[in-house]
Amino acid sequence: MGESCVALDEEFNVLSGRDKVWEDKVLDADIIWQQIKAMLASQSAQLPKTPRRPDVRLIINNVSGHQIEFKNPGDHSGSKPELIPPTGEKTSAVVMVVGETLEEQYKNAATLDKKYDLGNEGLSDEFIADLKAGKLDSLVAEAYGPGAYETNAEKLIDIIWKMADGTTSDIPAVQGAHAAYGARAATEEMVFLAQFPIFIKCTDKTPEMVESSGMAISIITDRKSGAERTRPIVPSVAKTYYGEHFGKMPIVTIHPDGQVREIDLRNGTVINREAPSAPGRPATAPKFPGKAP
C-alpha cells in the first residue's frame, strides 16, 4: 500500500487521560499533503488558494517628539521592548484589536481612536501609559513596530466581507492625520477540506455514511526557508476564517487508512486515485513521499 498515514501516536494516547486501544489512530496531515502534491503534479495542477478574512488594525504615528517604548501585549517579541522613534522612515506602531468578528474589531478600533483622539494626537503618552497598565487588555490584542505610517495606512481599504451564513460585514477604512484603522485586502491561503467517508451497515440495511464536516487543513510556508507545515482547523472555526469561501475550497476525500482517493479542486478539475482492485483489498498505491512517525 505504500507509506501509511495511519499511526499509533504514543504521546497522543498517553496524554489522552484514558486507556487507549489499537483502534485509536492518528492520520498524519504532512503525509496526506505529500500525497496531494504528488497527485497534483501528475496532472500538472495546482491547489487553488482560498481568501482568508482580514483583521482590523490601527496604524498610529508617533508625533510626540520622543521615542516611545512598550511591550507587545501579545508577547510575540519574546518580551523585547517595541521602540517607536519620533523621526525617520519608520515612526508608527501597528495595533491589532480584540474581537471575534470584524464588527467587534472595528468597534474596538473606533473606541480607541475616539478615546485617545489618535487621529490628532497619534501615539500619545496617555495611550502608552494605559497600554502598559493593562487598561487596554480588553481592546488591544497586539501592538508592535516600528513601521512606515503612510505605507501601512495606505494598505487599509474598504472591505465588504461575506460570512459563511451569507451575512456581510462592511468595514470602511478611516484615515486620519496621525492614525488610521480598517482592514487590508484578504490574503489567500492554501487550504483544503479533508473528508473521511465512513459507512455503517446495520442488519438488513443499506450502509449509511456517518455525517461529518471533515477537517480543514491549511498549508503554511515559511517565508525564509520555504519549509511547509500543515495546520488542522475544525470546520466551525474555518468558517469564521474563510467566510463564504469555506464552501468553495478544494475537497480531498481520504480513505480511513489515510490514502488520498480524490481531489476536487472545485474549478471543474477532479483528480482520482486508482480504485481498489477487489472488494476489501486496496489497490497497490504509488510510493508517495513521507513516512508515518
# chains A, B, ... in the order shown; residues from 1 in each chain; ligands from 1
>>> closest_atom_pairs(of="segment 173-289 of chain A", to="segment 59-74 of chain A", cutoff="12 Å", atoms="only C-alpha atoms", output="Markdown table")
| residue | atom | partner | partner_atom | distance |
| --- | --- | --- | --- | --- |
| A:Ala173 | CA | A:Ile59 | CA | 11.2 |
| A:Val174 | CA | A:Ile59 | CA | 10.3 |
| A:Gln175 | CA | A:Ile59 | CA | 9.4 |
| A:Gly176 | CA | A:Ile60 | CA | 9.4 |
| A:Ala177 | CA | A:Asn61 | CA | 8.8 |
| A:His178 | CA | A:Asn61 | CA | 5.2 |
| A:Ala179 | CA | A:Ile60 | CA | 4.4 |
| A:Ala180 | CA | A:Ile59 | CA | 5.2 |
| A:Tyr181 | CA | A:Ile59 | CA | 6.2 |
| A:Gly182 | CA | A:Ile59 | CA | 9.0 |
| A:Ala183 | CA | A:Ile59 | CA | 10.6 |
| A:Arg184 | CA | A:Ile59 | CA | 11.6 |
>>> closest_atom_pairs(of="segment 64-115 of chain A", to="segment 143-164 of chain A", cutoff="6 Å", atoms="only C-alpha atoms", output="JSON lines")
{"residue": "A:Asn72", "atom": "CA", "partner": "A:Ala143", "partner_atom": "CA", "distance": 5.0}
{"residue": "A:Glu82", "atom": "CA", "partner": "A:Tyr144", "partner_atom": "CA", "distance": 6.0}
{"residue": "A:Ile84", "atom": "CA", "partner": "A:Pro146", "partner_atom": "CA", "distance": 5.2}
{"residue": "A:Glu89", "atom": "CA", "partner": "A:Ala148", "partner_atom": "CA", "distance": 5.7}
{"residue": "A:Lys90", "atom": "CA", "partner": "A:Ala148", "partner_atom": "CA", "distance": 4.2}
{"residue": "A:Thr91", "atom": "CA", "partner": "A:Pro146", "partner_atom": "CA", "distance": 5.8}
{"residue": "A:Ser92", "atom": "CA", "partner": "A:Gly147", "partner_atom": "CA", "distance": 5.1}
{"residue": "A:Ala93", "atom": "CA", "partner": "A:Gly145", "partner_atom": "CA", "distance": 4.6}
{"residue": "A:Val94", "atom": "CA", "partner": "A:Tyr144", "partner_atom": "CA", "distance": 5.5}
{"residue": "A:Val95", "atom": "CA", "partner": "A:Ala143", "partner_atom": "CA", "distance": 4.3}
>>> closest_residue(among="A:Ile233, A:Ala45, A:Val191, A:Ala186", to="Ile220 of chain A", atoms="only C-alpha atoms")
A:Val191
>>> select_by_dssp(residues="segment 13-239 of chain A", states="strand (DSSP E)", output="VMD selection string")
chain A and resid 26 to 27 50 to 52 56 to 61 68 to 71 81 to 84 92 to 97 140 to 147 159 to 162 168 to 171 174 to 175 179 to 183 187 to 195 199 to 200 208 to 209 215 to 221 228 to 233
>>> atom_distance(atom1="atom CA of Val210 of chain A", atom2="atom CA of Gly247 of chain A")
19.7 Å
>>> atom_distance(atom1="atom CA of Met209 of chain A", atom2="atom CA of Gln195 of chain A")
11.7 Å
>>> decode(residues="segment 118-155 of chain A", atoms="N, CA and C atoms", output="PDB file, in the first residue's frame")
ATOM      1  N   LEU A 118      -6.684  59.663  18.564  1.00  0.00           N
ATOM      2  CA  LEU A 118      -5.464  59.186  17.898  1.00  0.00           C
ATOM      3  C   LEU A 118      -5.212  59.885  16.575  1.00  0.00           C
ATOM      4  N   GLY A 119      -6.285  60.240  15.868  1.00  0.00           N
ATOM      5  CA  GLY A 119      -6.117  60.898  14.574  1.00  0.00           C
ATOM      6  C   GLY A 119      -5.359  62.206  14.687  1.00  0.00           C
ATOM      7  N   ASN A 120      -5.524  62.888  15.810  1.00  0.00           N
ATOM      8  CA  ASN A 120      -4.835  64.168  16.027  1.00  0.00           C
ATOM      9  C   ASN A 120      -3.604  64.037  16.912  1.00  0.00           C
ATOM     10  N   GLU A 121      -3.689  63.201  17.946  1.00  0.00           N
ATOM     11  CA  GLU A 121      -2.613  63.091  18.923  1.00  0.00           C
ATOM     12  C   GLU A 121      -1.568  62.038  18.554  1.00  0.00           C
ATOM     13  N   GLY A 122      -1.980  61.063  17.732  1.00  0.00           N
ATOM     14  CA  GLY A 122      -1.056  59.992  17.385  1.00  0.00           C
ATOM     15  C   GLY A 122      -0.761  59.093  18.577  1.00  0.00           C
ATOM     16  N   LEU A 123       0.440  58.523  18.580  1.00  0.00           N
ATOM     17  CA  LEU A 123       0.845  57.602  19.640  1.00  0.00           C
ATOM     18  C   LEU A 123       1.235  58.398  20.886  1.00  0.00           C
ATOM     19  N   SER A 124       0.241  58.722  21.689  1.00  0.00           N
ATOM     20  CA  SER A 124       0.451  59.633  22.822  1.00  0.00           C
ATOM     21  C   SER A 124       0.950  58.907  24.066  1.00  0.00           C
ATOM     22  N   ASP A 125       1.496  59.677  24.989  1.00  0.00           N
ATOM     23  CA  ASP A 125       1.954  59.127  26.265  1.00  0.00           C
ATOM     24  C   ASP A 125       0.785  58.558  27.069  1.00  0.00           C
ATOM     25  N   GLU A 126      -0.365  59.193  26.968  1.00  0.00           N
ATOM     26  CA  GLU A 126      -1.545  58.708  27.688  1.00  0.00           C
ATOM     27  C   GLU A 126      -1.941  57.319  27.198  1.00  0.00           C
ATOM     28  N   PHE A 127      -1.963  57.144  25.890  1.00  0.00           N
ATOM     29  CA  PHE A 127      -2.310  55.847  25.312  1.00  0.00           C
ATOM     30  C   PHE A 127      -1.321  54.780  25.770  1.00  0.00           C
ATOM     31  N   ILE A 128      -0.025  55.081  25.703  1.00  0.00           N
ATOM     32  CA  ILE A 128       1.003  54.121  26.078  1.00  0.00           C
ATOM     33  C   ILE A 128       0.946  53.802  27.568  1.00  0.00           C
ATOM     34  N   ALA A 129       0.671  54.804  28.413  1.00  0.00           N
ATOM     35  CA  ALA A 129       0.571  54.580  29.860  1.00  0.00           C
ATOM     36  C   ALA A 129      -0.547  53.595  30.176  1.00  0.00           C
ATOM     37  N   ASP A 130      -1.688  53.764  29.527  1.00  0.00           N
ATOM     38  CA  ASP A 130      -2.812  52.851  29.753  1.00  0.00           C
ATOM     39  C   ASP A 130      -2.524  51.460  29.190  1.00  0.00           C
ATOM     40  N   LEU A 131      -1.803  51.412  28.060  1.00  0.00           N
ATOM     41  CA  LEU A 131      -1.421  50.129  27.477  1.00  0.00           C
ATOM     42  C   LEU A 131      -0.526  49.361  28.445  1.00  0.00           C
ATOM     43  N   LYS A 132       0.470  50.039  29.011  1.00  0.00           N
ATOM     44  CA  LYS A 132       1.395  49.404  29.948  1.00  0.00           C
ATOM     45  C   LYS A 132       0.699  48.982  31.237  1.00  0.00           C
ATOM     46  N   ALA A 133      -0.302  49.744  31.638  1.00  0.00           N
ATOM     47  CA  ALA A 133      -1.010  49.457  32.893  1.00  0.00           C
ATOM     48  C   ALA A 133      -2.033  48.337  32.742  1.00  0.00           C
ATOM     49  N   GLY A 134      -2.216  47.845  31.527  1.00  0.00           N
ATOM     50  CA  GLY A 134      -3.182  46.772  31.292  1.00  0.00           C
ATOM     51  C   GLY A 134      -4.609  47.236  31.162  1.00  0.00           C
ATOM     52  N   LYS A 135      -4.804  48.558  31.090  1.00  0.00           N
ATOM     53  CA  LYS A 135      -6.162  49.086  30.990  1.00  0.00           C
ATOM     54  C   LYS A 135      -6.793  48.849  29.623  1.00  0.00           C
ATOM     55  N   LEU A 136      -5.971  48.477  28.635  1.00  0.00           N
ATOM     56  CA  LEU A 136      -6.487  48.281  27.285  1.00  0.00           C
ATOM     57  C   LEU A 136      -6.513  46.812  26.886  1.00  0.00           C
ATOM     58  N   ASP A 137      -6.375  45.915  27.860  1.00  0.00           N
ATOM     59  CA  ASP A 137      -6.328  44.484  27.553  1.00  0.00           C
ATOM     60  C   ASP A 137      -7.598  43.979  26.873  1.00  0.00           C
ATOM     61  N   SER A 138      -8.726  44.620  27.152  1.00  0.00           N
ATOM     62  CA  SER A 138      -9.991  44.184  26.543  1.00  0.00           C
ATOM     63  C   SER A 138     -10.161  44.736  25.129  1.00  0.00           C
ATOM     64  N   LEU A 139      -9.242  45.609  24.714  1.00  0.00           N
ATOM     65  CA  LEU A 139      -9.347  46.242  23.400  1.00  0.00           C
ATOM     66  C   LEU A 139      -8.157  45.920  22.486  1.00  0.00           C
ATOM     67  N   VAL A 140      -6.977  45.760  23.069  1.00  0.00           N
ATOM     68  CA  VAL A 140      -5.758  45.576  22.284  1.00  0.00           C
ATOM     69  C   VAL A 140      -5.241  44.143  22.419  1.00  0.00           C
ATOM     70  N   ALA A 141      -5.093  43.465  21.286  1.00  0.00           N
ATOM     71  CA  ALA A 141      -4.552  42.100  21.288  1.00  0.00           C
ATOM     72  C   ALA A 141      -3.043  42.120  21.115  1.00  0.00           C
ATOM     73  N   GLU A 142      -2.562  42.984  20.221  1.00  0.00           N
ATOM     74  CA  GLU A 142      -1.138  43.111  19.958  1.00  0.00           C
ATOM     75  C   GLU A 142      -0.806  44.552  19.615  1.00  0.00           C
ATOM     76  N   ALA A 143       0.435  44.930  19.862  1.00  0.00           N
ATOM     77  CA  ALA A 143       0.937  46.239  19.447  1.00  0.00           C
ATOM     78  C   ALA A 143       2.426  46.077  19.176  1.00  0.00           C
ATOM     79  N   TYR A 144       2.857  46.507  18.001  1.00  0.00           N
ATOM     80  CA  TYR A 144       4.260  46.289  17.632  1.00  0.00           C
ATOM     81  C   TYR A 144       4.696  47.330  16.598  1.00  0.00           C
ATOM     82  N   GLY A 145       5.974  47.385  16.360  1.00  0.00           N
ATOM     83  CA  GLY A 145       6.530  48.329  15.391  1.00  0.00           C
ATOM     84  C   GLY A 145       8.048  48.320  15.470  1.00  0.00           C
ATOM     85  N   PRO A 146       8.703  49.285  14.845  1.00  0.00           N
ATOM     86  CA  PRO A 146       8.103  50.407  14.103  1.00  0.00           C
ATOM     87  C   PRO A 146       7.832  50.056  12.644  1.00  0.00           C
ATOM     88  N   GLY A 147       7.010  50.886  12.004  1.00  0.00           N
ATOM     89  CA  GLY A 147       6.717  50.743  10.595  1.00  0.00           C
ATOM     90  C   GLY A 147       6.510  52.110   9.969  1.00  0.00           C
ATOM     91  N   ALA A 148       6.447  52.138   8.658  1.00  0.00           N
ATOM     92  CA  ALA A 148       6.234  53.399   7.936  1.00  0.00           C
ATOM     93  C   ALA A 148       4.743  53.736   7.967  1.00  0.00           C
ATOM     94  N   TYR A 149       4.390  54.897   8.505  1.00  0.00           N
ATOM     95  CA  TYR A 149       2.976  55.232   8.695  1.00  0.00           C
ATOM     96  C   TYR A 149       2.199  55.257   7.382  1.00  0.00           C
ATOM     97  N   GLU A 150       2.628  56.061   6.444  1.00  0.00           N
ATOM     98  CA  GLU A 150       1.866  56.206   5.206  1.00  0.00           C
ATOM     99  C   GLU A 150       1.780  54.888   4.442  1.00  0.00           C
ATOM    100  N   THR A 151       2.865  54.136   4.419  1.00  0.00           N
ATOM    101  CA  THR A 151       2.869  52.859   3.705  1.00  0.00           C
ATOM    102  C   THR A 151       1.841  51.898   4.281  1.00  0.00           C
ATOM    103  N   ASN A 152       1.811  51.792   5.614  1.00  0.00           N
ATOM    104  CA  ASN A 152       0.861  50.881   6.252  1.00  0.00           C
ATOM    105  C   ASN A 152      -0.575  51.401   6.189  1.00  0.00           C
ATOM    106  N   ALA A 153      -0.752  52.704   6.344  1.00  0.00           N
ATOM    107  CA  ALA A 153      -2.097  53.281   6.310  1.00  0.00           C
ATOM    108  C   ALA A 153      -2.732  53.120   4.928  1.00  0.00           C
ATOM    109  N   GLU A 154      -1.923  53.241   3.888  1.00  0.00           N
ATOM    110  CA  GLU A 154      -2.448  53.130   2.517  1.00  0.00           C
ATOM    111  C   GLU A 154      -2.894  51.714   2.179  1.00  0.00           C
ATOM    112  N   LYS A 155      -2.444  50.729   2.941  1.00  0.00           N
ATOM    113  CA  LYS A 155      -2.840  49.345   2.689  1.00  0.00           C
ATOM    114  C   LYS A 155      -4.248  49.048   3.195  1.00  0.00           C
TER     115      LYS A 155
END
